[in-house]
Structure formats: structure tokens, C-alpha cells
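Below is one structure; the comments refer to it alone.
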Amino acid sequence: MSTLPITFEDVVAAHERLRGVAHRTPVLTSRTANERTGAQLFFKCENLQRMGAFKFRGAYNAIAQFTPQQKAGGVITFSSGNHAQAIALSARLLGVKAVIVMPHDAPAVKVEATRGYGGEVVFYDRYTEDREALGKRLAAERGLTLIPPYDHAHVMAGQGTAAKELFEETGELDLLLTPLGGGGLLSGCATAAHALSPACTVIGVEPEAGNDGQRSLRTGEIVHIDTPKTLADGAQTQHLGNLTFAVIRERVSEIVTVSDAELVDTMKFFASRMKLVVEPTGCLAAAAVLHGKVDVRGKRVGVLISGGNVDLLRFAELVQAAG
Ligand SMILES: *Cc1c(COP(=O)(O)O)cnc(C)c1O
């Protein structure tokens, strides 16, 4: 009997809830990438998901399971990245009020995007206030339900639907690589892989500057680090979650790292060769494959592109600086 926090049945149920709501994103191939790596690569394009990242899947799956009382009360989260927009959009679609706690100096585009989806933004001072404590206090005071960005069974099961769709399209694979921050995406996808392609080796990819996941898998205990300095802002997590790690330690073979320079090189590859805009964090898995961090020669390999939300000027600067 499995005692893991999520099962494949949870991923299947999440997929039912997302039917007709989330995009079934395309799986693209590239002759150039195949020639460069000697592998057969299948890119699952969650940069083309609604609101620009896979996070819509988990957020929607979580709010869709609220009780009538929770729906009436509303949802709150304290993440300012893609999860915030995913919560705001999902809440609007489900007729639920959303409150997003953001640092007072959050980029205006993020604040506007969140408000554009109908979310109420509450600011905090990142130097003097604890966002988690504030989130919990607001939740209690205002009767809101807190949905964290990764360490939640419904979020994890929702993220796993991305890999379910990939396997449905490609059949069994030798390898599956996904970006890794707090582990919602990796744990959900590994759960789908275990059921749909049992012999598939699942690998997480995190930024070199923050290899807490790699160290956690090696030592068997969740390693905590300071917020890492990396371009991969979606993977600037300080530790895996208790629930995500429980799945990752059972279902994931290895965690590898890539540098910021390798992420930028991969952004350029996607833009110039595949006509795709991918944010730095979204490039993690592909960068590992394109830069030889994993032996992929002769293998059929799934590569999850996790998101495409990058300010265009920033994108241009990064690509130009890399020459
Ligand atoms: C959140 C995020 C990740 C990391 O996902 P986790 O579930 O925290 O591991 C990767 N890529 C993008 C684009 C993200 O927004």
C-alpha cells in the first residue's frame, strides 16, 4: 500500500477537473536539438499554458475542490510569482475572491497582472514583515483559505497532469526531466511517470546556486538554504516541502543543476530555433539536456518547459548580454 501524499488517481481526477479549462499544451520536437544531443527530445510546452505557466493546473485543481463555505470565504496566497497569477485567474474562473500578499517593491507588471485577473493585492515590507505570518493572520481574520505554491496535495496532483498529457502523446519514455523549485511540479510529474511509463527515469533540474533539492535527495533529509541568487526566479525556493519530498525521494532518481549562463543560452536556443519565449526558470530541464548534464544519447526524453513569463525588455537584455 502506498502512503505517499498523492496517487496517480489524484492526477487523473485533477485532469478531469481541468478538462476544457486548462490548455492541452503542445508537445514540440526539434531536429536541431535532437542532432545536438543524439537523443529524441519531446518538449512539453507549458510556457503556452493559460497565464503562461503550468502553475494554473495546480491552483485550479486546489480551488475547484473548495467546500461551498471555503468558496464563499475566498482564497489567499503569499507567493508573488506565477503561483499568484495562477491563483488569481483560477479564483476568477471559479467565482472565488482572491487575496495575494506581495512585497511592496514587487515589479509593477506582476502587480498589474494579478489585479488584471481580479486579485486583491495586499503589500508587505519584505525587510520587516514575515509574509507567511501575514498570510496566515489575514486568512484567520478574513476567513480565507491559504493555498501554498507547492506543498499541497491538490497543487501537486494538478501539476502532474502536464506529464500525464505528455505520456499520452508520446507513449513510454526513457527519461523525463522537469524544473525543480519547491517540488510541486516534479512530484506530480513523477507520480504520472510511475503509472504511465514505469521504467522512465525521472530527473529534477535546479539552479546551481540553490542545489538544496540535490542535497536533500542525497542525504535523505530536507536541506534548507538562503534564498539563492539566480536568474531562475521561479526556483528561488529555500527548501523542498514535506509532501513534495515524500514523493520525490520515492519516485525521482536524480537531481542535477545548471548555471545561469546555461539558462540564457537555452533561452536563446528556444527563441531562435523553436520560436518560443521561455522564462529562465522554464529553461532548467532543457538546459540540462542541451548542456550534457544527463546522458541522453540514443534515448527518448521528455523535457518539461515550465513557463514563459519574462518581461520582454529583460528577455532582450539577457539574450544580448550573452552575445
Ligand atoms: C514555480 C515554477 C517552477 C518550480 O515549480 P515547483 O513546483 O515549485 O518545483 C518552475 N518553473 C516555473 C516557470 C515556475 O513558475
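Chain labels A, B, ... are given in the sequence in which chains occur in the C-alpha cells; within each chain residues are numbered consecutively from 1, and ligands are likewise numbered from 1 in the order shown.
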
Practice prompt. Going by DSSP on the backbone, which bits of region 3-249 of chain A are strand (DSSP E or B)? Write them as a PyMOL selection string, please.
Written response: chain A and resi 27-28+40-45+53+75-77+98-103+120-124+145-146+175-179+201-207

Discussion item. What's around region 215-231 of chain A at 12 Å? Count only C-alpha atoms, leave out sequence neighbours fewer than 2 positions away in its own chain, and write the answer as JSON, numbers by chain.
Written reply: {"A": [181, 182, 183, 203, 204, 206, 207, 208, 209, 210, 211, 212, 213, 233, 234, 235, 236, 237, 238, 239, 240, 241, 242, 243, 244, 245, 246, 247, 248, 249, 250, 251, 252, 253, 254, 255, 256, 257, 258, 259, 260, 261, 262, 263, 264, 267, 279, 280, 281, 282, 283, 284, 310, 314, 315, 318]}

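Distance-wise, CA of Gly20 (chain A) and CA of Arg300 (chain A) end up 29.1 Å apart.
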
Fill in: Exercise: region 101-114 of chain A partners within 12 Å, only C-alpha atoms, chain neighbours under 2 positions left out, as a VMD selection string
chain A and resid 51 to 52 75 to 92 98 to 99 116 to 139 146 to 148 309 to 312

Kindly save the residues from that selection, with C-alpha atoms included, as an mmCIF file, in the first residue's frame.
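Everything below was put into result.cif:
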```
data_model
loop_
_atom_site.group_PDB
_atom_site.id
_atom_site.type_symbol
_atom_site.label_atom_id
_atom_site.label_comp_id
_atom_site.auth_asym_id
_atom_site.auth_seq_id
_atom_site.Cartn_x
_atom_site.Cartn_y
_atom_site.Cartn_z
ATOM 1 C CA MET A 51 -1.337 32.654 -17.656
ATOM 2 C CA GLY A 52 1.960 31.409 -19.050
ATOM 3 C CA VAL A 75 -8.504 32.159 -1.254
ATOM 4 C CA ILE A 76 -5.193 33.711 -0.186
ATOM 5 C CA THR A 77 -1.585 33.077 -1.117
ATOM 6 C CA PHE A 78 1.720 34.732 -0.258
ATOM 7 C CA SER A 79 3.702 33.862 -3.381
ATOM 8 C CA SER A 80 4.360 36.729 -5.781
ATOM 9 C CA GLY A 81 5.404 34.769 -8.868
ATOM 10 C CA ASN A 82 3.480 32.599 -11.306
ATOM 11 C CA HIS A 83 1.535 30.965 -8.475
ATOM 12 C CA ALA A 84 -0.043 34.334 -7.598
ATOM 13 C CA GLN A 85 -1.336 34.811 -11.128
ATOM 14 C CA ALA A 86 -2.461 31.183 -11.260
ATOM 15 C CA ILE A 87 -4.469 31.629 -8.045
ATOM 16 C CA ALA A 88 -5.952 34.940 -9.216
ATOM 17 C CA LEU A 89 -7.054 33.542 -12.588
ATOM 18 C CA SER A 90 -8.358 30.249 -11.175
ATOM 19 C CA ALA A 91 -10.286 32.060 -8.458
ATOM 20 C CA ARG A 92 -11.917 34.348 -11.005
ATOM 21 C CA ALA A 98 -8.532 36.001 -4.232
ATOM 22 C CA VAL A 99 -6.108 37.884 -1.969
ATOM 23 C CA GLY A 116 -5.896 42.189 -14.071
ATOM 24 C CA TYR A 117 -7.084 38.713 -13.150
ATOM 25 C CA GLY A 118 -9.223 40.236 -10.421
ATOM 26 C CA GLY A 119 -6.983 39.528 -7.439
ATOM 27 C CA GLU A 120 -6.758 41.880 -4.443
ATOM 28 C CA VAL A 121 -3.102 42.683 -3.742
ATOM 29 C CA VAL A 122 -2.009 43.214 -0.110
ATOM 30 C CA PHE A 123 1.521 44.573 0.253
ATOM 31 C CA TYR A 124 4.044 43.732 2.942
ATOM 32 C CA ASP A 125 7.518 45.008 3.705
ATOM 33 C CA ARG A 126 9.942 42.247 2.834
ATOM 34 C CA TYR A 127 12.584 43.625 5.190
ATOM 35 C CA THR A 128 10.450 43.913 8.320
ATOM 36 C CA GLU A 129 7.461 41.610 7.863
ATOM 37 C CA ASP A 130 7.093 37.839 7.558
ATOM 38 C CA ARG A 131 4.838 37.163 4.535
ATOM 39 C CA GLU A 132 3.847 33.731 5.756
ATOM 40 C CA ALA A 133 2.771 35.050 9.149
ATOM 41 C CA LEU A 134 0.863 37.898 7.488
ATOM 42 C CA GLY A 135 -0.816 35.436 5.112
ATOM 43 C CA LYS A 136 -1.885 33.222 7.994
ATOM 44 C CA ARG A 137 -3.154 36.173 10.026
ATOM 45 C CA LEU A 138 -5.207 37.535 7.106
ATOM 46 C CA ALA A 139 -6.539 34.037 6.413
ATOM 47 C CA LEU A 146 -4.468 29.539 2.165
ATOM 48 C CA ILE A 147 -3.127 27.685 -0.888
ATOM 49 C CA PRO A 148 0.674 27.466 -0.821
ATOM 50 C CA ASN A 309 6.572 34.789 -18.206
ATOM 51 C CA VAL A 310 9.503 37.089 -18.755
ATOM 52 C CA ASP A 311 9.389 40.823 -19.323
ATOM 53 C CA LEU A 312 10.302 41.405 -22.979
#
```

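Picture a line from CA of Val289 (chain A) to CA of Leu48 (chain A); it runs 20.6 Å.
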
Discussion item. Going by DSSP on the backbone, which residues of region 19-138 of chain A come out as alpha helix (DSSP H)? List them as number ranges by chain.
Written reply: A: 31-37, 55-63, 68-73, 82-93, 108-116, 131-138
